[in-house]
$ cat work13.cif   # mmCIF, C-alpha atoms
data_my_file
#
loop_
_atom_site.group_PDB
_atom_site.id
_atom_site.type_symbol
_atom_site.label_atom_id
_atom_site.label_comp_id
_atom_site.auth_asym_id
_atom_site.auth_seq_id
_atom_site.Cartn_x
_atom_site.Cartn_y
_atom_site.Cartn_z
ATOM 1 C CA MET M 1 0.000 0.000 0.000
ATOM 2 C CA ILE M 2 1.322 3.416 -0.952
ATOM 3 C CA LEU M 3 0.616 4.965 2.454
ATOM 4 C CA ASP M 4 2.832 2.351 4.078
ATOM 5 C CA LYS M 5 5.794 3.832 2.185
ATOM 6 C CA PHE M 6 5.401 7.022 4.208
ATOM 7 C CA ARG M 7 5.739 5.213 7.541
ATOM 8 C CA LEU M 8 8.968 5.582 9.526
ATOM 9 C CA ASP M 9 8.486 2.746 12.003
ATOM 10 C CA GLY M 10 11.825 1.478 13.322
ATOM 11 C CA LYS M 11 13.743 4.449 11.894
ATOM 12 C CA VAL M 12 15.930 6.774 13.956
ATOM 13 C CA ALA M 13 16.215 10.464 13.106
ATOM 14 C CA ILE M 14 18.501 13.229 14.347
ATOM 15 C CA VAL M 15 16.903 16.678 14.102
ATOM 16 C CA THR M 16 18.983 19.743 14.902
ATOM 17 C CA GLY M 17 17.384 22.889 16.284
ATOM 18 C CA SER M 18 14.653 20.821 17.909
ATOM 19 C CA SER M 19 13.543 23.102 20.744
ATOM 20 C CA THR M 20 11.199 25.412 18.839
ATOM 21 C CA GLY M 21 9.910 26.396 15.424
ATOM 22 C CA LEU M 22 10.551 24.293 12.358
ATOM 23 C CA GLY M 23 12.815 21.864 14.213
ATOM 24 C CA GLN M 24 10.128 21.186 16.769
ATOM 25 C CA GLY M 25 7.495 20.742 14.066
ATOM 26 C CA ILE M 26 9.684 18.398 12.025
ATOM 27 C CA SER M 27 10.621 16.366 15.112
ATOM 28 C CA GLN M 28 6.959 15.895 15.982
ATOM 29 C CA GLY M 29 6.033 15.029 12.398
ATOM 30 C CA LEU M 30 8.730 12.354 12.114
ATOM 31 C CA ALA M 31 7.740 10.915 15.494
ATOM 32 C CA GLU M 32 4.078 10.772 14.483
ATOM 33 C CA ALA M 33 5.144 8.816 11.385
ATOM 34 C CA GLY M 34 6.888 6.293 13.658
ATOM 35 C CA ALA M 35 10.524 7.429 13.966
ATOM 36 C CA ALA M 36 12.495 7.659 17.190
ATOM 37 C CA VAL M 37 13.865 11.215 17.342
ATOM 38 C CA VAL M 38 17.148 12.535 18.706
ATOM 39 C CA GLY M 39 16.579 16.259 19.185
ATOM 40 C CA VAL M 40 19.659 18.479 19.279
ATOM 41 C CA ASP M 41 19.761 22.113 20.337
ATOM 42 C CA TYR M 42 21.959 24.481 22.336
ATOM 43 C CA VAL M 43 19.135 24.664 24.885
ATOM 44 C CA PRO M 44 16.906 21.840 26.179
ATOM 45 C CA SER M 45 13.819 20.795 24.182
ATOM 46 C CA PRO M 46 11.319 20.022 26.959
ATOM 47 C CA GLU M 47 8.186 20.942 25.005
ATOM 48 C CA THR M 48 9.227 18.853 22.009
ATOM 49 C CA LYS M 49 10.021 15.925 24.293
ATOM 50 C CA ARG M 50 6.691 16.272 26.088
ATOM 51 C CA ASN M 51 4.682 16.447 22.870
ATOM 52 C CA ILE M 52 6.381 13.415 21.322
ATOM 53 C CA GLU M 53 6.155 11.260 24.424
ATOM 54 C CA ALA M 54 2.492 12.241 24.844
ATOM 55 C CA MET M 55 1.773 10.625 21.465
ATOM 56 C CA GLY M 56 3.656 7.494 22.504
ATOM 57 C CA GLY M 57 6.837 8.366 20.609
ATOM 58 C CA LYS M 58 10.503 8.121 21.567
ATOM 59 C CA PHE M 59 12.646 11.225 22.048
ATOM 60 C CA LEU M 60 16.237 11.647 23.184
ATOM 61 C CA GLU M 61 17.252 15.184 24.101
ATOM 62 C CA VAL M 62 20.855 16.218 23.400
ATOM 63 C CA VAL M 63 22.056 19.692 24.376
ATOM 64 C CA ALA M 64 24.945 20.769 22.145
ATOM 65 C CA ASP M 65 26.194 23.983 20.549
ATOM 66 C CA LEU M 66 26.478 23.430 16.812
ATOM 67 C CA MET M 67 28.338 26.683 16.192
ATOM 68 C CA SER M 68 31.258 24.224 16.263
ATOM 69 C CA ILE M 69 31.483 20.788 14.652
ATOM 70 C CA ALA M 70 33.134 19.364 17.783
ATOM 71 C CA PRO M 71 29.917 17.893 19.308
ATOM 72 C CA ILE M 72 28.947 15.909 16.190
ATOM 73 C CA PRO M 73 30.676 12.566 16.964
ATOM 74 C CA GLU M 74 29.271 12.488 20.499
ATOM 75 C CA ILE M 75 25.753 13.268 19.271
ATOM 76 C CA ILE M 76 25.864 10.327 16.874
ATOM 77 C CA GLU M 77 27.287 8.067 19.586
ATOM 78 C CA LYS M 78 24.447 9.030 21.929
ATOM 79 C CA ALA M 79 21.906 8.242 19.215
ATOM 80 C CA LEU M 80 23.492 4.841 18.609
ATOM 81 C CA ALA M 81 23.764 4.070 22.324
ATOM 82 C CA ARG M 82 20.046 4.721 22.845
ATOM 83 C CA PHE M 83 18.523 3.454 19.602
ATOM 84 C CA GLY M 84 21.206 1.311 17.940
ATOM 85 C CA ARG M 85 21.131 2.845 14.485
ATOM 86 C CA LEU M 86 20.750 6.049 12.459
ATOM 87 C CA ASP M 87 18.554 6.449 9.402
ATOM 88 C CA ILE M 88 17.666 10.120 8.997
ATOM 89 C CA LEU M 89 19.460 13.428 9.549
ATOM 90 C CA VAL M 90 17.617 16.744 9.431
ATOM 91 C CA ASN M 91 19.996 19.711 9.396
ATOM 92 C CA ASN M 92 17.603 22.361 10.636
ATOM 93 C CA ALA M 93 19.670 24.374 13.141
ATOM 94 C CA GLY M 94 20.621 27.786 11.857
ATOM 95 C CA ILE M 95 20.905 31.464 12.687
ATOM 96 C CA ILE M 96 20.511 34.775 10.906
ATOM 97 C CA ARG M 97 22.237 38.120 11.413
ATOM 98 C CA ARG M 98 20.820 41.341 9.956
ATOM 99 C CA GLU M 99 23.088 44.223 9.062
ATOM 100 C CA ASP M 100 23.565 46.370 5.950
ATOM 101 C CA ALA M 101 26.010 44.670 3.591
ATOM 102 C CA ILE M 102 28.194 47.781 3.527
ATOM 103 C CA ASP M 103 28.726 47.492 7.298
ATOM 104 C CA PHE M 104 28.502 43.706 7.726
ATOM 105 C CA SER M 105 30.985 42.407 10.307
ATOM 106 C CA GLU M 106 33.338 39.476 10.050
ATOM 107 C CA LYS M 107 31.810 37.972 13.204
ATOM 108 C CA ASN M 108 28.306 38.086 11.727
ATOM 109 C CA TRP M 109 29.699 36.409 8.623
ATOM 110 C CA ASP M 110 31.619 33.675 10.437
ATOM 111 C CA ASP M 111 28.935 32.839 13.005
ATOM 112 C CA VAL M 112 26.252 32.303 10.372
ATOM 113 C CA MET M 113 28.468 30.429 7.937
ATOM 114 C CA ASN M 114 29.767 28.142 10.688
ATOM 115 C CA ILE M 115 26.408 26.776 11.779
ATOM 116 C CA ASN M 116 24.416 27.186 8.553
ATOM 117 C CA ALA M 117 26.973 25.716 6.131
ATOM 118 C CA LYS M 118 30.041 24.212 7.820
ATOM 119 C CA THR M 119 28.103 22.266 10.459
ATOM 120 C CA VAL M 120 25.555 21.153 7.861
ATOM 121 C CA PHE M 121 28.297 19.628 5.720
ATOM 122 C CA PHE M 122 30.248 17.925 8.476
ATOM 123 C CA PHE M 123 27.139 16.585 10.219
ATOM 124 C CA SER M 124 26.003 15.194 6.870
ATOM 125 C CA GLN M 125 29.428 13.657 6.331
ATOM 126 C CA ALA M 126 29.332 11.964 9.743
ATOM 127 C CA ALA M 127 25.802 10.656 9.129
ATOM 128 C CA ALA M 128 26.735 9.394 5.659
ATOM 129 C CA ARG M 129 29.696 7.500 7.100
ATOM 130 C CA ARG M 130 27.318 5.839 9.544
ATOM 131 C CA PHE M 131 24.798 4.970 6.815
ATOM 132 C CA ILE M 132 27.580 3.403 4.736
ATOM 133 C CA ALA M 133 28.913 1.428 7.708
ATOM 134 C CA GLN M 134 25.405 0.129 8.460
ATOM 135 C CA LYS M 135 24.876 -0.757 4.772
ATOM 136 C CA THR M 136 21.330 0.550 5.154
ATOM 137 C CA GLY M 137 21.340 3.746 3.117
ATOM 138 C CA GLY M 138 19.838 6.798 4.739
ATOM 139 C CA LYS M 139 18.125 10.146 4.316
ATOM 140 C CA ILE M 140 19.700 13.575 4.670
ATOM 141 C CA ILE M 141 17.302 16.515 4.733
ATOM 142 C CA ASN M 142 18.822 19.978 4.739
ATOM 143 C CA ILE M 143 16.857 23.123 5.458
ATOM 144 C CA ALA M 144 17.435 25.603 2.678
ATOM 145 C CA SER M 145 15.532 28.877 2.240
ATOM 146 C CA MET M 146 13.985 31.295 -0.226
ATOM 147 C CA LEU M 147 17.466 32.854 -0.004
ATOM 148 C CA SER M 148 18.820 29.723 -1.699
ATOM 149 C CA PHE M 149 17.172 31.206 -4.811
ATOM 150 C CA GLN M 150 17.126 34.949 -4.141
ATOM 151 C CA GLY M 151 19.427 37.654 -2.828
ATOM 152 C CA GLY M 152 17.471 39.297 -0.043
ATOM 153 C CA ILE M 153 18.628 42.416 1.786
ATOM 154 C CA ARG M 154 20.695 42.965 4.946
ATOM 155 C CA ILE M 155 21.498 39.258 5.364
ATOM 156 C CA PRO M 156 24.605 38.579 3.249
ATOM 157 C CA SER M 157 25.953 35.668 5.298
ATOM 158 C CA TYR M 158 22.520 34.039 5.541
ATOM 159 C CA THR M 159 22.066 34.286 1.767
ATOM 160 C CA ALA M 160 25.557 32.878 1.213
ATOM 161 C CA SER M 161 24.963 30.032 3.666
ATOM 162 C CA LYS M 162 21.613 29.012 2.230
ATOM 163 C CA SER M 163 22.964 29.148 -1.316
ATOM 164 C CA ALA M 164 25.726 26.869 -0.042
ATOM 165 C CA VAL M 165 23.146 24.495 1.437
ATOM 166 C CA ALA M 166 21.478 24.160 -1.968
ATOM 167 C CA GLY M 167 24.767 23.429 -3.706
ATOM 168 C CA LEU M 168 26.001 21.044 -1.038
ATOM 169 C CA THR M 169 22.713 19.131 -1.153
ATOM 170 C CA ARG M 170 23.213 18.510 -4.852
ATOM 171 C CA LEU M 171 26.853 17.506 -4.316
ATOM 172 C CA MET M 172 25.904 15.032 -1.570
ATOM 173 C CA ALA M 173 23.309 13.506 -3.871
ATOM 174 C CA CYS M 174 25.847 13.111 -6.681
ATOM 175 C CA GLU M 175 28.473 11.446 -4.471
ATOM 176 C CA TRP M 176 26.386 9.401 -2.058
ATOM 177 C CA ALA M 177 23.408 8.143 -4.058
ATOM 178 C CA LYS M 178 25.430 5.041 -4.971
ATOM 179 C CA HIS M 179 25.368 4.138 -1.267
ATOM 180 C CA GLY M 180 21.572 4.357 -1.071
ATOM 181 C CA ILE M 181 21.728 7.793 0.548
ATOM 182 C CA ASN M 182 19.162 10.390 -0.496
ATOM 183 C CA ALA M 183 20.165 14.020 0.067
ATOM 184 C CA ASN M 184 17.445 16.606 -0.461
ATOM 185 C CA ALA M 185 16.421 19.935 1.016
ATOM 186 C CA ILE M 186 13.328 21.818 2.076
ATOM 187 C CA ALA M 187 13.205 25.544 1.355
ATOM 188 C CA PRO M 188 10.669 27.081 3.731
ATOM 189 C CA GLY M 189 9.097 30.352 2.738
ATOM 190 C CA TYR M 190 8.293 33.067 5.219
ATOM 191 C CA MET M 191 7.522 31.146 8.403
ATOM 192 C CA ALA M 192 6.234 32.398 11.736
ATOM 193 C CA THR M 193 9.368 31.443 13.705
ATOM 194 C CA ASN M 194 11.956 33.163 15.892
ATOM 195 C CA ASN M 195 14.082 34.059 12.858
ATOM 196 C CA THR M 196 11.284 36.117 11.294
ATOM 197 C CA ALA M 197 10.106 37.864 14.455
ATOM 198 C CA PRO M 198 11.745 41.192 13.454
ATOM 199 C CA LEU M 199 10.052 41.070 10.041
ATOM 200 C CA ARG M 200 6.638 40.279 11.485
ATOM 201 C CA ALA M 201 7.052 43.094 14.008
ATOM 202 C CA ASP M 202 7.698 45.569 11.179
ATOM 203 C CA ALA M 203 4.187 46.338 9.951
ATOM 204 C CA GLN M 204 5.348 47.703 6.598
ATOM 205 C CA ARG M 205 7.668 44.781 5.805
ATOM 206 C CA SER M 206 5.139 42.223 7.020
ATOM 207 C CA GLU M 207 2.405 43.671 4.814
ATOM 208 C CA ALA M 208 4.713 43.728 1.777
ATOM 209 C CA ILE M 209 5.662 40.086 2.353
ATOM 210 C CA LEU M 210 2.069 38.928 2.810
ATOM 211 C CA GLU M 211 0.988 40.745 -0.349
ATOM 212 C CA ARG M 212 3.429 38.634 -2.373
ATOM 213 C CA ILE M 213 2.529 35.240 -0.866
ATOM 214 C CA PRO M 214 -0.314 33.713 -2.926
ATOM 215 C CA ALA M 215 -1.479 31.737 0.120
ATOM 216 C CA GLY M 216 -1.912 35.072 1.934
ATOM 217 C CA ARG M 217 -0.384 34.006 5.254
ATOM 218 C CA TRP M 218 2.863 33.251 7.039
ATOM 219 C CA GLY M 219 3.763 29.576 7.099
ATOM 220 C CA THR M 220 3.826 27.441 10.234
ATOM 221 C CA PRO M 221 6.025 24.553 11.411
ATOM 222 C CA GLU M 222 3.125 22.204 10.661
ATOM 223 C CA ASP M 223 3.308 23.233 6.988
ATOM 224 C CA VAL M 224 6.794 21.700 6.737
ATOM 225 C CA GLN M 225 5.953 18.369 8.378
ATOM 226 C CA GLY M 226 4.562 16.691 5.264
ATOM 227 C CA ALA M 227 7.612 17.459 3.149
ATOM 228 C CA ALA M 228 9.927 16.278 5.927
ATOM 229 C CA VAL M 229 8.120 12.967 6.400
ATOM 230 C CA PHE M 230 8.037 12.422 2.636
ATOM 231 C CA LEU M 231 11.775 13.051 2.192
ATOM 232 C CA ALA M 232 12.575 10.860 5.220
ATOM 233 C CA SER M 233 10.488 7.960 3.945
ATOM 234 C CA GLU M 234 10.689 5.180 1.392
ATOM 235 C CA ALA M 235 8.210 7.131 -0.728
ATOM 236 C CA SER M 236 11.043 9.464 -1.796
ATOM 237 C CA ASP M 237 13.667 6.806 -2.605
ATOM 238 C CA TYR M 238 14.107 8.035 -6.213
ATOM 239 C CA ILE M 239 14.338 11.721 -5.320
ATOM 240 C CA ASN M 240 17.876 12.981 -4.895
ATOM 241 C CA GLY M 241 19.490 16.420 -4.926
ATOM 242 C CA TYR M 242 16.188 18.277 -5.061
ATOM 243 C CA ILE M 243 14.979 21.319 -3.145
ATOM 244 C CA ILE M 244 11.278 21.372 -2.267
ATOM 245 C CA ALA M 245 9.915 24.865 -1.671
ATOM 246 C CA VAL M 246 7.267 25.047 1.051
ATOM 247 C CA ASP M 247 6.509 28.714 0.533
ATOM 248 C CA GLY M 248 2.791 29.323 -0.030
ATOM 249 C CA GLY M 249 3.583 30.084 -3.681
ATOM 250 C CA TRP M 250 6.230 32.789 -3.050
ATOM 251 C CA LEU M 251 8.598 31.574 -5.783
ATOM 252 C CA ALA M 252 5.756 31.238 -8.262
ATOM 253 C CA ARG M 253 5.147 35.003 -8.269
#
$ encode --input "work13.cif" --output "structure tokens"
Amino acid sequence: MILDKFRLDGKVAIVTGSSTGLGQGISQGLAEAGAAVVGVDYVPSPETKRNIEAMGGKFLEVVADLMSIAPIPEIIEKALARFGRLDILVNNAGIIRREDAIDFSEKNWDDVMNINAKTVFFFSQAAARRFIAQKTGGKIINIASMLSFQGGIRIPSYTASKSAVAGLTRLMACEWAKHGINANAIAPGYMATNNTAPLRADAQRSEAILERIPAGRWGTPEDVQGAAVFLASEASDYINGYIIAVDGGWLAR
């Protein structure tokens, strides 16, 4: 049955940035589909843990700062110690810094590039090594952005990092598909999350954004769950190196 291909029973997923927003929504969606979830964030994820366990799911909380790649091996070891395997990696953790490009600081560049691009690559590399060792294949889901396709304003390092995510996703697909590894990305549109709080608080910017979104509203973490479950599941086994926009039609305008 086709719906069975969307089930994630017996699978183990690592989701970074699991405490709130898209990471929380994706964690809960994967758990509802049957996966055990290892949630990683620089702060605890008590609400995510509570919600998943309330539905009868399994959740392991790992507190780690992914501004550096140093915690990655230990995170994977903790996942293996608790659940015995790894099948899915969702690279959701990321930050944004806003400053005019003419004044943009080196720190704002390095901080964003470190977590949004460098950590994404090296976490994917570590997961791929595990998938290959297991001989099971696996799923890598990166979180891209509308800024993987567009320039934006006042966010040069974010635009650079999300363009890098798109390119790296395609590279991973080209190199690792032969091992049964699918690497794809989700490009959320304008979502009601912590990252967009300044935009939503600016009445003029918020109105301009909403006027361009055909769906006429900001997206929610729940809007991303379907794409995440699909890309994590057997139903997407022949999809590789693709970026799915979940944007209410923004790119279609």
$ atom_distance --input "work13.cif" --atom1 "atom CA of Glu99 of chain M" --atom2 "atom CA of Ile153 of chain M"
8.7 Å
$ resolve_selection --input "work13.cif" --expression "the PyMOL selection byres ((chain M and resi 180-191) around 6)" --output "PDB file with C-alpha atoms, in the frame of the given file"
ATOM      1  CA  GLY M 137      21.340   3.746   3.117  1.00  0.00           C
ATOM      2  CA  GLY M 138      19.838   6.798   4.739  1.00  0.00           C
ATOM      3  CA  LYS M 139      18.125  10.146   4.316  1.00  0.00           C
ATOM      4  CA  ILE M 140      19.700  13.575   4.670  1.00  0.00           C
ATOM      5  CA  ILE M 141      17.302  16.515   4.733  1.00  0.00           C
ATOM      6  CA  ASN M 142      18.822  19.978   4.739  1.00  0.00           C
ATOM      7  CA  ILE M 143      16.857  23.123   5.458  1.00  0.00           C
ATOM      8  CA  ALA M 144      17.435  25.603   2.678  1.00  0.00           C
ATOM      9  CA  SER M 145      15.532  28.877   2.240  1.00  0.00           C
ATOM     10  CA  MET M 146      13.985  31.295  -0.226  1.00  0.00           C
ATOM     11  CA  THR M 169      22.713  19.131  -1.153  1.00  0.00           C
ATOM     12  CA  ALA M 173      23.309  13.506  -3.871  1.00  0.00           C
ATOM     13  CA  TRP M 176      26.386   9.401  -2.058  1.00  0.00           C
ATOM     14  CA  ALA M 177      23.408   8.143  -4.058  1.00  0.00           C
ATOM     15  CA  LYS M 178      25.430   5.041  -4.971  1.00  0.00           C
ATOM     16  CA  HIS M 179      25.368   4.138  -1.267  1.00  0.00           C
ATOM     17  CA  ALA M 192       6.234  32.398  11.736  1.00  0.00           C
ATOM     18  CA  THR M 193       9.368  31.443  13.705  1.00  0.00           C
ATOM     19  CA  TRP M 218       2.863  33.251   7.039  1.00  0.00           C
ATOM     20  CA  GLY M 219       3.763  29.576   7.099  1.00  0.00           C
ATOM     21  CA  THR M 220       3.826  27.441  10.234  1.00  0.00           C
ATOM     22  CA  ASN M 240      17.876  12.981  -4.895  1.00  0.00           C
ATOM     23  CA  GLY M 241      19.490  16.420  -4.926  1.00  0.00           C
ATOM     24  CA  TYR M 242      16.188  18.277  -5.061  1.00  0.00           C
ATOM     25  CA  ILE M 243      14.979  21.319  -3.145  1.00  0.00           C
ATOM     26  CA  ILE M 244      11.278  21.372  -2.267  1.00  0.00           C
ATOM     27  CA  ALA M 245       9.915  24.865  -1.671  1.00  0.00           C
ATOM     28  CA  VAL M 246       7.267  25.047   1.051  1.00  0.00           C
ATOM     29  CA  ASP M 247       6.509  28.714   0.533  1.00  0.00           C
TER      30      ASP M 247
END
$ residues_near_point --input "work13.cif" --point "(6.1, 4.9, 21.6)" --cutoff "10 Å" --atoms "only C-alpha atoms" --output "list of chain:residue names"
M:Ala31, M:Glu32, M:Gly34, M:Ala35, M:Ala36, M:Ile52, M:Glu53, M:Ala54, M:Met55, M:Gly56, M:Gly57, M:Lys58, M:Phe59
$ resolve_selection --input "work13.cif" --expression "the PyMOL selection byres ((chain M and resi 42) around 10)" --output "PyMOL selection string"
chain M and resi 16-19+40-41+43-45+62-67+93
$ write_last_selection --input "work13.cif" --atoms "C-alpha atoms" --output "mmCIF file, in the frame of the given file"
data_model
loop_
_atom_site.group_PDB
_atom_site.id
_atom_site.type_symbol
_atom_site.label_atom_id
_atom_site.label_comp_id
_atom_site.auth_asym_id
_atom_site.auth_seq_id
_atom_site.Cartn_x
_atom_site.Cartn_y
_atom_site.Cartn_z
ATOM 1 C CA THR M 16 18.983 19.743 14.902
ATOM 2 C CA GLY M 17 17.384 22.889 16.284
ATOM 3 C CA SER M 18 14.653 20.821 17.909
ATOM 4 C CA SER M 19 13.543 23.102 20.744
ATOM 5 C CA VAL M 40 19.659 18.479 19.279
ATOM 6 C CA ASP M 41 19.761 22.113 20.337
ATOM 7 C CA VAL M 43 19.135 24.664 24.885
ATOM 8 C CA PRO M 44 16.906 21.840 26.179
ATOM 9 C CA SER M 45 13.819 20.795 24.182
ATOM 10 C CA VAL M 62 20.855 16.218 23.400
ATOM 11 C CA VAL M 63 22.056 19.692 24.376
ATOM 12 C CA ALA M 64 24.945 20.769 22.145
ATOM 13 C CA ASP M 65 26.194 23.983 20.549
ATOM 14 C CA LEU M 66 26.478 23.430 16.812
ATOM 15 C CA MET M 67 28.338 26.683 16.192
ATOM 16 C CA ALA M 93 19.670 24.374 13.141
#
$ closest_residue --input "work13.cif" --among "M:Leu86, M:Ala201, M:Leu8, M:Val165" --to "Phe149 of chain M" --atoms "all atoms listed in the file"
M:Val165
$ closest_residue --input "work13.cif" --among "M:Phe83, M:Asn51, M:Ser27, M:Pro156" --to "Pro221 of chain M" --atoms "all atoms listed in the file"
M:Ser27
$ closest_residue --input "work13.cif" --among "M:Arg97, M:Arg217, M:Lys135, M:Arg130" --to "Pro198 of chain M" --atoms "only C-alpha atoms"
M:Arg97
$ resolve_selection --input "work13.cif" --expression "the PyMOL selection byres ((chain M and resi 163) around 8)" --output "tab-separated table (two decimals) with C-alpha atoms, in the coordinates of the input"
chain	number	residue	atom	x	y	z
M	144	ALA	CA	17.43	25.60	2.68
M	147	LEU	CA	17.47	32.85	0.00
M	148	SER	CA	18.82	29.72	-1.70
M	149	PHE	CA	17.17	31.21	-4.81
M	159	THR	CA	22.07	34.29	1.77
M	160	ALA	CA	25.56	32.88	1.21
M	161	SER	CA	24.96	30.03	3.67
M	162	LYS	CA	21.61	29.01	2.23
M	164	ALA	CA	25.73	26.87	-0.04
M	165	VAL	CA	23.15	24.50	1.44
M	166	ALA	CA	21.48	24.16	-1.97
M	167	GLY	CA	24.77	23.43	-3.71
$ atom_distance --input "work13.cif" --atom1 "atom CA of Glu47 of chain M" --atom2 "atom CA of Asn92 of chain M"
17.2 Å
$ atom_distance --input "work13.cif" --atom1 "atom CA of Ala235 of chain M" --atom2 "atom CA of Ala33 of chain M"
12.6 Å
$ closest_residue --input "work13.cif" --among "M:Asp237, M:Asp103, M:Asp4, M:Glu222" --to "Gly25 of chain M" --atoms "only C-alpha atoms"
M:Glu222
$ residues_near_point --input "work13.cif" --point "(22.4, 1.2, 9.2)" --cutoff "10 Å" --atoms "only C-alpha atoms" --output "list in words"
Lys11, Val12, Gly84, Arg85, Leu86, Asp87, Ala128, Arg129, Arg130, Phe131, Ile132, Ala133, Gln134, Lys135, Thr136, Gly137 and Gly138 of chain M
$ closest_residue --input "work13.cif" --among "M:Ser236, M:Asn91, M:Ser157, M:Thr196" --to "Glu106 of chain M" --atoms "all atoms listed in the file"
M:Ser157
